[in-house]
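Novice: What follows is structure.txt, made up of compact mmCIF, C-alpha atoms:
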# COMPACT_ATOMS: atom_id res chain seq x y z
CA MET X 1 22.95 10.69 2.59
CA LYS X 2 21.72 7.72 4.62
CA GLY X 3 17.98 7.29 4.61
CA TYR X 4 17.42 9.74 1.75
CA PHE X 5 16.19 9.37 -1.80
CA GLY X 6 17.50 12.56 -3.32
CA GLU X 7 15.95 15.36 -1.29
CA PHE X 8 13.29 13.10 0.21
CA GLY X 9 13.34 10.78 3.21
CA GLY X 10 15.26 11.13 6.48
CA ALA X 11 14.12 10.65 10.06
CA PHE X 12 12.45 13.75 11.51
CA VAL X 13 11.45 12.31 14.86
CA PRO X 14 11.55 13.13 18.61
CA GLU X 15 14.84 12.23 20.27
CA LEU X 16 13.18 9.38 22.16
CA LEU X 17 12.39 7.60 18.88
CA VAL X 18 15.97 7.67 17.61
CA PRO X 19 17.14 4.58 19.59
CA PRO X 20 14.35 2.22 18.43
CA LEU X 21 14.77 3.38 14.82
CA GLN X 22 18.50 2.73 15.08
CA GLU X 23 17.73 -0.70 16.53
CA VAL X 24 15.47 -1.50 13.57
CA GLU X 25 18.11 -0.27 11.13
CA LYS X 26 20.78 -2.44 12.76
CA ALA X 27 18.48 -5.48 12.54
CA MET X 28 17.74 -4.67 8.90
CA ASN X 29 21.47 -4.55 8.12
CA ASP X 30 22.68 -7.42 10.33
CA ILE X 31 19.83 -9.94 10.70
CA LEU X 32 17.72 -9.57 7.56
CA PRO X 33 20.45 -10.59 5.04
CA THR X 34 21.44 -13.79 6.90
CA ARG X 35 20.68 -17.17 5.33
CA GLN X 36 18.75 -18.28 8.42
CA PHE X 37 16.42 -15.27 8.31
CA GLN X 38 15.91 -15.50 4.56
CA ASP X 39 15.15 -19.22 4.73
CA GLU X 40 12.63 -18.75 7.57
CA LEU X 41 10.94 -15.86 5.76
CA ALA X 42 10.80 -17.76 2.48
CA ASP X 43 9.14 -20.68 4.27
CA LEU X 44 6.57 -18.38 5.89
CA LEU X 45 5.81 -16.69 2.56
CA ASN X 46 5.42 -20.05 0.85
CA THR X 47 3.58 -22.17 3.42
CA PHE X 48 1.65 -19.50 5.35
CA ALA X 49 1.10 -16.57 2.96
CA GLY X 50 0.75 -18.58 -0.25
CA ARG X 51 3.58 -17.27 -2.43
CA PRO X 52 4.35 -17.21 -5.26
CA THR X 53 1.16 -15.52 -6.49
CA PRO X 54 0.27 -16.08 -10.16
CA VAL X 55 0.03 -13.59 -12.98
CA THR X 56 -3.40 -13.91 -14.59
CA PHE X 57 -4.10 -13.07 -18.22
CA CYS X 58 -7.36 -11.17 -18.84
CA PRO X 59 -8.66 -12.33 -22.24
CA THR X 60 -11.86 -10.28 -22.41
CA LEU X 61 -10.33 -6.98 -21.30
CA SER X 62 -7.30 -7.59 -23.48
CA ARG X 63 -9.52 -7.85 -26.57
CA GLU X 64 -11.25 -4.61 -25.61
CA LEU X 65 -8.01 -2.77 -24.87
CA GLY X 66 -5.99 -4.01 -27.83
CA SER X 67 -3.14 -4.82 -25.45
CA ASN X 68 -2.30 -7.88 -23.36
CA LEU X 69 -3.50 -7.21 -19.82
CA TRP X 70 -2.11 -9.29 -16.96
CA LEU X 71 -2.86 -9.04 -13.24
CA LYS X 72 -0.33 -9.79 -10.49
CA ARG X 73 -2.59 -11.62 -8.04
CA GLU X 74 -1.62 -10.35 -4.58
CA ASP X 75 -5.34 -10.68 -3.77
CA LEU X 76 -4.82 -14.44 -3.56
CA LEU X 77 -2.47 -14.18 -0.59
CA HIS X 78 -3.54 -15.22 2.92
CA THR X 79 -5.44 -12.26 4.48
CA GLY X 80 -6.29 -10.98 0.99
CA ALA X 81 -3.62 -8.44 0.10
CA HIS X 82 0.08 -7.72 -0.40
CA LYS X 83 0.39 -6.51 3.21
CA ILE X 84 1.29 -9.99 4.51
CA ASN X 85 4.65 -9.82 2.64
CA ASN X 86 5.75 -6.98 4.88
CA THR X 87 4.13 -8.05 8.16
CA LEU X 88 5.66 -11.52 8.10
CA GLY X 89 9.05 -9.98 7.43
CA GLN X 90 8.77 -7.38 10.17
CA ALA X 91 7.22 -9.80 12.69
CA LEU X 92 10.03 -12.29 12.13
CA LEU X 93 12.61 -9.51 12.44
CA ALA X 94 10.96 -8.28 15.65
CA LYS X 95 11.11 -11.76 17.14
CA LYS X 96 14.81 -12.01 16.25
CA MET X 97 15.28 -8.63 18.00
CA GLY X 98 13.73 -10.05 21.18
CA LYS X 99 10.48 -8.09 20.97
CA THR X 100 7.27 -9.63 22.31
CA ARG X 101 4.72 -7.20 20.96
CA LEU X 102 3.71 -5.60 17.64
CA ILE X 103 1.84 -2.34 17.21
CA ALA X 104 0.60 -1.08 13.87
CA GLU X 105 -1.55 1.48 12.13
CA THR X 106 -4.06 0.57 9.45
CA GLY X 107 -6.29 2.40 6.98
CA ALA X 108 -8.30 -0.04 4.88
CA GLY X 109 -7.65 -2.66 7.54
CA GLN X 110 -5.61 -5.02 5.38
CA HIS X 111 -2.34 -4.13 7.11
CA GLY X 112 -4.04 -4.57 10.48
CA VAL X 113 -5.35 -8.00 9.52
CA ALA X 114 -1.97 -9.02 8.11
CA THR X 115 -0.14 -7.78 11.23
CA ALA X 116 -2.57 -9.67 13.47
CA ALA X 117 -2.11 -12.84 11.43
CA ALA X 118 1.70 -12.56 11.49
CA ALA X 119 1.69 -11.86 15.23
CA ALA X 120 -0.53 -14.87 15.91
CA ARG X 121 1.66 -17.11 13.77
CA LEU X 122 4.86 -16.01 15.55
CA GLY X 123 3.45 -15.79 19.09
CA LEU X 124 3.52 -12.01 19.50
CA GLU X 125 1.00 -9.70 21.17
CA CYS X 126 -0.69 -7.33 18.71
CA VAL X 127 -2.30 -3.89 19.06
CA ILE X 128 -3.78 -2.04 16.07
CA TYR X 129 -4.66 1.67 15.79
CA MET X 130 -7.28 2.58 13.20
CA GLY X 131 -9.06 5.84 12.41
CA ALA X 132 -12.63 5.81 13.72
CA ASN X 133 -14.01 6.57 10.24
CA ASP X 134 -12.08 3.63 8.82
CA VAL X 135 -13.29 1.38 11.65
CA GLU X 136 -16.83 2.14 10.51
CA ARG X 137 -16.31 1.74 6.77
CA GLN X 138 -14.09 -1.34 7.09
CA ALA X 139 -16.03 -3.21 9.81
CA PRO X 140 -15.36 -6.72 8.40
CA ASN X 141 -11.61 -6.19 8.68
CA VAL X 142 -11.96 -4.95 12.26
CA GLN X 143 -13.78 -8.16 13.13
CA ARG X 144 -11.06 -10.22 11.43
CA MET X 145 -8.32 -8.46 13.42
CA ARG X 146 -10.09 -9.18 16.69
CA LEU X 147 -10.69 -12.80 15.74
CA LEU X 148 -6.95 -13.11 15.06
CA GLY X 149 -6.22 -11.95 18.60
CA ALA X 150 -5.45 -8.28 18.08
CA THR X 151 -6.67 -5.40 20.22
CA VAL X 152 -8.12 -2.66 18.00
CA HIS X 153 -8.10 0.98 19.17
CA PRO X 154 -10.30 3.39 17.14
CA VAL X 155 -8.70 6.84 16.78
CA PRO X 156 -11.36 9.60 16.77
CA THR X 157 -9.02 12.61 16.42
CA GLY X 158 -8.31 14.68 13.31
CA THR X 159 -9.92 13.22 10.19
CA ALA X 160 -10.11 9.83 11.97
CA THR X 161 -8.31 8.08 9.09
CA LEU X 162 -4.86 6.63 8.40
CA LYS X 163 -2.89 9.80 9.16
CA ASP X 164 -4.33 9.94 12.67
CA ALA X 165 -3.80 6.22 13.24
CA ILE X 166 -0.09 6.67 12.44
CA ASN X 167 0.14 9.60 14.85
CA GLU X 168 -1.33 7.51 17.67
CA THR X 169 0.89 4.50 16.96
CA LEU X 170 4.02 6.63 16.98
CA ARG X 171 2.95 8.09 20.35
CA GLU X 172 2.54 4.63 21.81
CA TRP X 173 5.94 3.51 20.52
CA LEU X 174 7.56 6.30 22.53
CA SER X 175 6.53 4.60 25.77
CA SER X 176 6.73 0.91 24.83
CA GLN X 177 9.82 0.61 22.66
CA GLN X 178 11.68 -1.81 24.95
CA THR X 179 9.25 -4.67 24.28
CA THR X 180 7.50 -3.43 21.16
CA HIS X 181 8.21 -3.21 17.44
CA TYR X 182 6.21 -0.78 15.33
CA CYS X 183 5.23 -2.80 12.26
CA PHE X 184 4.93 0.13 9.85
CA GLY X 185 2.55 -0.68 7.03
CA THR X 186 3.65 1.35 4.04
CA ALA X 187 6.81 2.60 2.34
CA ALA X 188 6.68 5.92 4.21
CA GLY X 189 7.60 7.12 7.70
CA PRO X 190 11.08 7.73 9.11
CA HIS X 191 14.18 5.86 7.98
CA PRO X 192 14.60 2.88 7.85
CA PHE X 193 10.92 2.03 7.26
CA PRO X 194 10.69 3.12 3.57
CA THR X 195 13.65 0.88 2.76
CA LEU X 196 12.61 -1.98 5.03
CA VAL X 197 9.07 -2.15 3.64
CA ARG X 198 10.37 -1.94 0.07
CA ILE X 199 12.74 -4.85 0.70
CA PHE X 200 9.90 -7.06 1.91
CA GLN X 201 7.49 -6.01 -0.86
CA SER X 202 9.99 -6.33 -3.72
CA VAL X 203 9.06 -10.00 -3.94
CA ILE X 204 6.12 -8.78 -6.08
CA GLY X 205 8.25 -7.35 -8.89
CA ALA X 206 10.85 -10.11 -8.61
CA GLU X 207 8.19 -12.77 -9.16
CA ILE X 208 6.74 -10.94 -12.19
CA LYS X 209 10.19 -11.00 -13.80
CA GLN X 210 10.41 -14.75 -13.24
CA GLN X 211 6.86 -15.49 -14.38
CA LEU X 212 6.70 -13.60 -17.68
CA LYS X 213 8.64 -14.90 -20.68
CA LYS X 214 9.87 -11.40 -21.47
CA LEU X 215 9.92 -7.99 -19.83
CA PRO X 216 6.51 -6.29 -19.87
CA ASP X 217 6.05 -3.06 -21.79
CA ALA X 218 4.40 -1.41 -18.78
CA ILE X 219 3.67 -2.12 -15.13
CA VAL X 220 0.96 -0.25 -13.22
CA ALA X 221 0.05 0.01 -9.52
CA CYS X 222 -2.07 2.20 -7.27
CA VAL X 223 -0.19 4.57 -4.96
CA GLY X 224 -1.29 5.67 -1.49
CA GLY X 225 1.62 5.45 0.91
CA GLY X 226 3.04 3.28 -1.82
CA SER X 227 4.13 -0.15 -0.56
CA ASN X 228 2.48 -2.34 -3.21
CA ALA X 229 3.72 0.00 -5.92
CA ILE X 230 7.34 0.27 -4.75
CA GLY X 231 7.42 -3.52 -4.34
CA MET X 232 6.31 -3.94 -7.94
CA PHE X 233 8.42 -1.09 -9.35
CA HIS X 234 11.80 -1.53 -7.68
CA PRO X 235 13.01 -4.68 -9.49
CA PHE X 236 12.25 -2.94 -12.82
CA LEU X 237 13.89 0.44 -12.21
CA GLU X 238 17.03 -0.47 -14.20
CA ASP X 239 15.00 -1.90 -17.09
CA LYS X 240 14.73 1.28 -19.14
CA ASP X 241 12.38 -0.21 -21.74
CA VAL X 242 9.73 -0.93 -19.09
CA ARG X 243 7.27 1.90 -18.57
CA ILE X 244 6.42 2.27 -14.87
CA ILE X 245 3.12 3.91 -13.91
CA GLY X 246 1.71 4.81 -10.50
CA VAL X 247 -1.93 5.86 -10.05
CA GLU X 248 -3.08 8.13 -7.22
CA ALA X 249 -6.62 8.71 -5.97
CA ALA X 250 -8.20 11.91 -7.33
CA GLY X 251 -11.23 11.83 -5.02
CA THR X 252 -14.35 12.89 -6.89
CA GLY X 253 -12.13 14.59 -9.46
CA LYS X 254 -14.13 17.81 -9.22
CA PRO X 255 -12.29 21.16 -8.81
CA GLY X 256 -11.53 21.85 -5.14
CA CYS X 257 -12.41 18.35 -3.96
CA TYR X 258 -10.48 16.48 -1.32
CA HIS X 259 -8.25 13.80 -2.83
CA SER X 260 -5.14 11.74 -2.06
CA ALA X 261 -2.87 12.77 -4.94
CA ALA X 262 0.19 13.99 -3.03
CA ILE X 263 2.58 13.48 -5.95
CA ASN X 264 0.46 15.18 -8.60
CA LEU X 265 -1.04 17.93 -6.44
CA GLY X 266 1.14 18.15 -3.32
CA THR X 267 4.23 20.08 -2.22
CA PRO X 268 7.37 19.09 -0.28
CA GLY X 269 7.11 18.92 3.50
CA VAL X 270 7.57 16.71 6.54
CA LEU X 271 4.95 14.30 7.89
CA HIS X 272 5.31 11.21 10.09
CA GLY X 273 9.06 11.51 10.31
CA SER X 274 9.86 11.81 6.62
CA ARG X 275 10.31 14.56 4.03
CA SER X 276 8.14 13.83 1.04
CA LEU X 277 5.32 15.29 -1.03
CA LEU X 278 2.26 16.22 1.05
CA LEU X 279 -1.19 17.70 0.82
CA GLN X 280 -0.77 20.90 2.82
CA THR X 281 -1.62 24.59 2.98
CA GLU X 282 0.92 27.31 2.17
CA ASP X 283 1.80 27.55 5.87
CA GLY X 284 2.33 23.80 6.24
CA GLN X 285 -0.98 22.66 7.76
CA ILE X 286 -1.91 19.16 6.57
CA LEU X 287 -5.04 19.12 4.43
CA PRO X 288 -7.73 16.44 4.72
CA SER X 289 -7.36 13.64 2.19
CA HIS X 290 -10.10 11.58 0.56
CA SER X 291 -10.52 8.47 -1.50
CA ILE X 292 -13.39 6.05 -1.83
CA SER X 293 -10.73 3.45 -1.03
CA ALA X 294 -9.66 3.67 2.61
CA GLY X 295 -6.18 2.34 1.82
CA LEU X 296 -5.39 5.30 -0.46
CA ASP X 297 -6.83 7.90 1.92
CA TYR X 298 -3.51 9.43 3.04
CA PRO X 299 -2.20 13.02 2.60
CA ALA X 300 1.37 12.01 1.72
CA VAL X 301 3.39 9.44 -0.20
CA GLY X 302 6.51 7.41 0.52
CA PRO X 303 9.74 9.36 -0.08
CA GLU X 304 11.09 6.96 -2.71
CA HIS X 305 8.00 7.60 -4.83
CA ALA X 306 8.53 11.35 -4.49
CA PHE X 307 12.11 10.83 -5.66
CA LEU X 308 11.11 8.63 -8.60
CA ALA X 309 8.56 11.23 -9.66
CA ARG X 310 11.15 14.01 -9.53
CA THR X 311 13.68 11.99 -11.55
CA GLY X 312 11.03 11.06 -14.10
CA ARG X 313 11.76 7.33 -13.97
CA VAL X 314 8.17 6.66 -12.87
CA GLU X 315 5.13 8.50 -14.21
CA TYR X 316 2.32 9.17 -11.77
CA HIS X 317 -1.28 9.76 -12.86
CA MET X 318 -4.71 9.93 -11.18
CA ALA X 319 -8.03 8.10 -11.24
CA ASN X 320 -11.17 9.35 -9.52
CA ASP X 321 -13.77 7.57 -7.39
CA ALA X 322 -16.24 7.03 -10.25
CA GLN X 323 -13.54 5.63 -12.55
CA ALA X 324 -12.36 3.25 -9.83
CA LEU X 325 -15.92 2.05 -9.20
CA ALA X 326 -16.43 1.50 -12.93
CA ALA X 327 -13.18 -0.48 -13.16
CA PHE X 328 -14.25 -2.55 -10.14
CA HIS X 329 -17.52 -3.52 -11.82
CA LYS X 330 -15.80 -4.09 -15.17
CA LEU X 331 -13.27 -6.57 -13.80
CA CYS X 332 -15.96 -8.41 -11.83
CA ALA X 333 -18.23 -8.77 -14.87
CA THR X 334 -15.62 -9.55 -17.54
CA GLU X 335 -13.00 -11.64 -15.75
CA GLY X 336 -14.71 -12.97 -12.62
CA ILE X 337 -12.27 -11.25 -10.27
CA LEU X 338 -13.29 -9.02 -7.35
CA PRO X 339 -10.59 -6.33 -6.91
CA ALA X 340 -9.99 -4.04 -3.96
CA LEU X 341 -11.00 -0.44 -4.60
CA GLU X 342 -7.35 0.53 -4.18
CA SER X 343 -6.26 -1.73 -7.06
CA SER X 344 -9.29 -0.59 -9.06
CA HIS X 345 -7.66 2.84 -9.38
CA ALA X 346 -4.69 1.32 -11.21
CA LEU X 347 -6.97 -0.69 -13.49
CA ALA X 348 -9.16 2.37 -14.07
CA TRP X 349 -6.24 4.38 -15.44
CA VAL X 350 -5.41 1.60 -17.90
CA LEU X 351 -9.05 1.34 -19.04
CA GLU X 352 -9.36 5.12 -19.39
CA ASN X 353 -6.07 5.45 -21.29
CA ARG X 354 -5.96 2.49 -23.63
CA ASP X 355 -4.41 4.65 -26.36
CA ALA X 356 -1.36 5.15 -24.11
CA PHE X 357 -0.21 1.63 -25.00
CA SER X 358 0.85 0.33 -28.40
CA PRO X 359 -1.24 -2.49 -29.93
CA GLY X 360 -0.26 -5.83 -28.47
CA ALA X 361 1.70 -4.29 -25.58
CA THR X 362 2.11 -6.37 -22.43
CA VAL X 363 0.69 -4.45 -19.45
CA VAL X 364 0.80 -5.81 -15.89
CA VAL X 365 -1.47 -4.29 -13.22
CA ASN X 366 -0.77 -5.10 -9.59
CA LEU X 367 -3.99 -6.41 -8.10
CA SER X 368 -2.84 -5.56 -4.59
CA GLY X 369 -5.90 -6.89 -2.76
CA ARG X 370 -9.35 -8.39 -3.06
CA GLY X 371 -12.58 -6.46 -2.79
CA ASP X 372 -14.52 -8.40 -0.15
CA LYS X 373 -13.60 -5.73 2.42
CA ASP X 374 -15.12 -3.02 0.23
CA MET X 375 -18.61 -4.46 -0.24
CA ASP X 376 -20.25 -2.06 2.23
CA ILE X 377 -18.70 0.88 0.35
CA ILE X 378 -19.71 -0.60 -3.01
CA ASN X 379 -23.29 -1.20 -1.83
CA ALA X 380 -23.52 2.36 -0.48
CA ALA X 381 -22.28 3.74 -3.80
CA ILE X 382 -24.82 1.66 -5.73
CA ALA X 383 -27.63 2.81 -3.43
CA ALA X 384 -26.59 6.45 -3.84
CA SER X 385 -26.45 6.08 -7.62
CA ASN X 386 -29.88 4.42 -7.74
CA LYS X 387 -31.35 7.17 -5.56
CA MET X 388 -29.92 9.86 -7.83
CA GLU X 389 -31.30 8.13 -10.93
CA SER X 390 -34.70 7.86 -9.31
CA GLU X 391 -34.72 11.53 -8.31
CA ASN X 392 -33.65 12.58 -11.83
CA ALA X 393 -36.40 10.44 -13.37
CA GLN X 394 -39.02 11.99 -11.08
CA ALA X 395 -37.79 15.49 -11.93
Represent the structure of the file as structure tokens.

Specialist:
Amino acid sequence: MKGYFGEFGGAFVPELLVPPLQEVEKAMNDILPTRQFQDELADLLNTFAGRPTPVTFCPTLSRELGSNLWLKREDLLHTGAHKINNTLGQALLAKKMGKTRLIAETGAGQHGVATAAAAARLGLECVIYMGANDVERQAPNVQRMRLLGATVHPVPTGTATLKDAINETLREWLSSQQTTHYCFGTAAGPHPFPTLVRIFQSVIGAEIKQQLKKLPDAIVACVGGGSNAIGMFHPFLEDKDVRIIGVEAAGTGKPGCYHSAAINLGTPGVLHGSRSLLLQTEDGQILPSHSISAGLDYPAVGPEHAFLARTGRVEYHMANDAQALAAFHKLCATEGILPALESSHALAWVLENRDAFSPGATVVVNLSGRGDKDMDIINAAIAASNKMESENAQA
């Protein structure tokens, strides 16, 4: 069925949103595959975003792990994360559709920054909706968005995080669809967004295939909504000898804690126009999500990930806040690379499960973004840890 991945996907939206979604789907089918569009996008990705990104070997961690650890360096892209792959694609598509304005949601702020940058480059107006809690904990990214010409609207409702920002952006699209394209940031939402975002992000996996001399034994990525992961995974789905691993955020990891592990701990339901796996009560009320990384703080996952989990082609695991923080510090100290806290979850699972890989195995972790944006969170975590150590010593 169109727009579905097995039982997951679809477009569960108000009737007023059907026409703009159909318009996006038509553009995806008719405009996106043309040589002119592909050539323009390739030029933008090369000369503006900085593609191709390298794969970096990690000699120190590889010796410790007993396997060959490589990082796909999406953190080296303009604006600091994989998000620019998708926003340049959607902004260019919007311009070809005759739109003059982009709206977008953002959690960690990277998608908001990337949307603002793409809009500025292509001469489009830009409005970003961001949960009020995320505005506070990702203040540097908010400043970057505004410097790039975007208007940023904090969303104070609900849990004031990514879920609520998406709600508000969808509401705005209802009234502004004639001039506006909703630049959806992750591989979730109603059809055709999961497919559209995956198409633009698949450059990640395609480049890895070109850059390595042979297929890796395993590829690993963090999973929130799931755009960096699906972009890495999709080109490898038919390569049965490649182990594909997604890592969700387990929160504190303590029993009963809030987390963002919709695949491992969620149930099927509908959120933001798509049927997928959600964090919800027995009567369908969405539960609060949590992750130390704002970009993983989402109570659902893209429908293609839910499908890949059900089929067993991709294995999905969890890493908690403390493990992600430890992996962050480890990569900084051993390899001189500052990872985003989102990517640190993927690295954490590899570090915590080194016996899951055979000696000498080639393992590629998608370093989906850089950690500059997370320094306030990191500093707060260090201060809290120091305070706890001091209190324990005094006791």

Novice: Every residue with an atom at most 6 Å from (12.4, -2.2, 9.5) (file coordinates; only C-alpha atoms) is what I'm after, so could you write them as an NGL selection string?

Specialist: :X and (24 or 28 or 192-193 or 196)

Novice: Work out how far apart atom CA of X:Gly246 and atom CA of X:Arg313 are and give it in Å to one decimal.

Specialist: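 Value for the atom CA of X:Gly246-atom CA of X:Arg313 distance: 10.9 Å.
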
Novice: Per residue of stretch 310-356 of chain X within 6 Å of stretch 282-296 of chain X, record the nearest atom pair and its distance in Å to one decimal, counting all atoms listed in the file, with rows in chain order and ascending residue number, as a tab-separated table.

Specialist:
residue	atom	partner	partner_atom	distance
X:Asp321	CA	X:Ile292	CA	5.8
X:Leu341	CA	X:Ser293	CA	5.3
X:Glu342	CA	X:Ser293	CA	5.5

Novice: Which residues are close to stretch 218-222 of chain X, i.e. within 9 Å by all atoms listed in the file, leaving aside same-chain residues fewer than 4 positions away? Reply as a PyMOL selection string.

Specialist: chain X and resi 226+228-230+232-233+236+241-249+296+342-347+349-350+357+361-368

Novice: Please identify all polymer residues within 9 Å of X:Gln177, counting only C-alpha atoms, omitting same-chain residues fewer than 4 positions from it, and present them as a PyMOL selection string.

Specialist: chain X and resi 17+19-20+99+172-173+181-182

Novice: Of the residues X:Ala300, X:Leu61, X:Leu237, X:Met1, which is the one nearest to X:Leu265, using only C-alpha atoms?

Specialist: X:Ala300

Novice: Atom CA of X:Ala104 and atom CA of X:Leu88 are how many Å apart?

Specialist: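 Spanning atom CA of X:Ala104 to atom CA of X:Leu88 is a straight-line distance of 13.0 Å.
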
Novice: Mind giving me the straight-line distance from atom CA of X:Leu71 to atom CA of X:Asp39 in Å, one decimal?

Specialist: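 So the two atoms, atom CA of X:Leu71 and atom CA of X:Asp39, lie 27.4 Å apart.
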
Novice: With only C-alpha atoms as the basis for distance, which of X:Thr179, X:Thr106, X:Thr34, X:Thr195 is at the shortest distance from X:Ala165?

Specialist: X:Thr106

Novice: Of the candidates X:His82, X:His317, X:Arg275, X:His153, which shows the shortest atom-to-atom distance to X:Ala132, using all atoms listed in the file?

Specialist: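 Ranking X:His82, X:His317, X:Arg275, X:His153 by distance to X:Ala132, first place goes to X:His153.
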
Novice: Smallest atom-to-atom distance to X:Phe37: which of X:Arg146, X:Val55, X:Leu92, X:Tyr258, using only C-alpha atoms?

Specialist: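 Among the listed residues, X:Leu92 lies closest to X:Phe37.
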
Novice: Restricting the calculation to all atoms listed in the file, which member of X:Pro190, X:Pro59, X:Gly66, X:Gly112 is positioned closest to X:Glu25?

Specialist: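 The closest residue to X:Glu25 is X:Pro190.
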
Novice: Out of X:Ala250, X:Ile263, X:Val301, X:Ser276, which residue has the shortest atom-to-atom distance to X:Gln323 when counting all atoms listed in the file?

Specialist: X:Ala250

Novice: Extract stretch 76-82 of chain X from the preceding block and save all heavy atoms as a CSV table (one decimal), in the first residue's frame.

Specialist:
chain,number,residue,atom,x,y,z
X,76,LEU,N,31.2,17.1,10.2
X,76,LEU,CA,32.0,18.1,9.4
X,76,LEU,C,31.3,18.9,8.4
X,76,LEU,O,31.8,19.7,7.7
X,76,LEU,CB,33.2,17.3,8.8
X,76,LEU,CG,34.2,16.7,9.7
X,76,LEU,CD1,35.3,15.9,8.9
X,76,LEU,CD2,34.8,17.7,10.6
X,77,LEU,N,30.0,18.6,8.2
X,77,LEU,CA,29.1,19.3,7.3
X,77,LEU,C,28.9,20.7,7.8
X,77,LEU,O,28.9,21.0,9.0
X,77,LEU,CB,27.8,18.6,7.1
X,77,LEU,CG,27.8,17.3,6.3
X,77,LEU,CD1,26.5,16.6,6.4
X,77,LEU,CD2,28.1,17.6,4.8
X,78,HIS,N,28.6,21.6,6.8
X,78,HIS,CA,28.2,23.0,7.2
X,78,HIS,C,26.9,22.9,8.1
X,78,HIS,O,26.0,22.1,7.8
X,78,HIS,CB,27.8,23.7,5.9
X,78,HIS,CG,27.3,25.1,6.1
X,78,HIS,ND1,27.9,26.0,7.0
X,78,HIS,CD2,26.2,25.7,5.5
X,78,HIS,CE1,27.2,27.1,7.0
X,78,HIS,NE2,26.2,27.0,6.1
X,79,THR,N,26.9,23.6,9.1
X,79,THR,CA,25.9,23.7,10.2
X,79,THR,C,26.1,22.6,11.2
X,79,THR,O,25.4,22.5,12.2
X,79,THR,CB,24.4,23.7,9.7
X,79,THR,OG1,24.0,22.5,9.2
X,79,THR,CG2,24.2,24.8,8.7
X,80,GLY,N,27.0,21.6,11.0
X,80,GLY,CA,27.4,20.7,12.0
X,80,GLY,C,26.7,19.4,12.2
X,80,GLY,O,26.9,18.7,13.2
X,81,ALA,N,25.9,19.0,11.2
X,81,ALA,CA,25.2,17.8,11.4
X,81,ALA,C,24.6,17.3,10.0
X,81,ALA,O,24.6,18.1,9.0
X,81,ALA,CB,24.0,17.9,12.4
X,82,HIS,N,24.1,16.1,10.0
X,82,HIS,CA,23.5,15.5,8.8
X,82,HIS,C,22.3,16.2,8.3
X,82,HIS,O,21.9,16.0,7.2
X,82,HIS,CB,23.2,14.0,9.1
X,82,HIS,CG,22.0,13.9,10.0
X,82,HIS,ND1,22.1,14.2,11.4
X,82,HIS,CD2,20.7,13.5,9.8
X,82,HIS,CE1,20.9,14.0,12.0
X,82,HIS,NE2,20.1,13.5,11.0
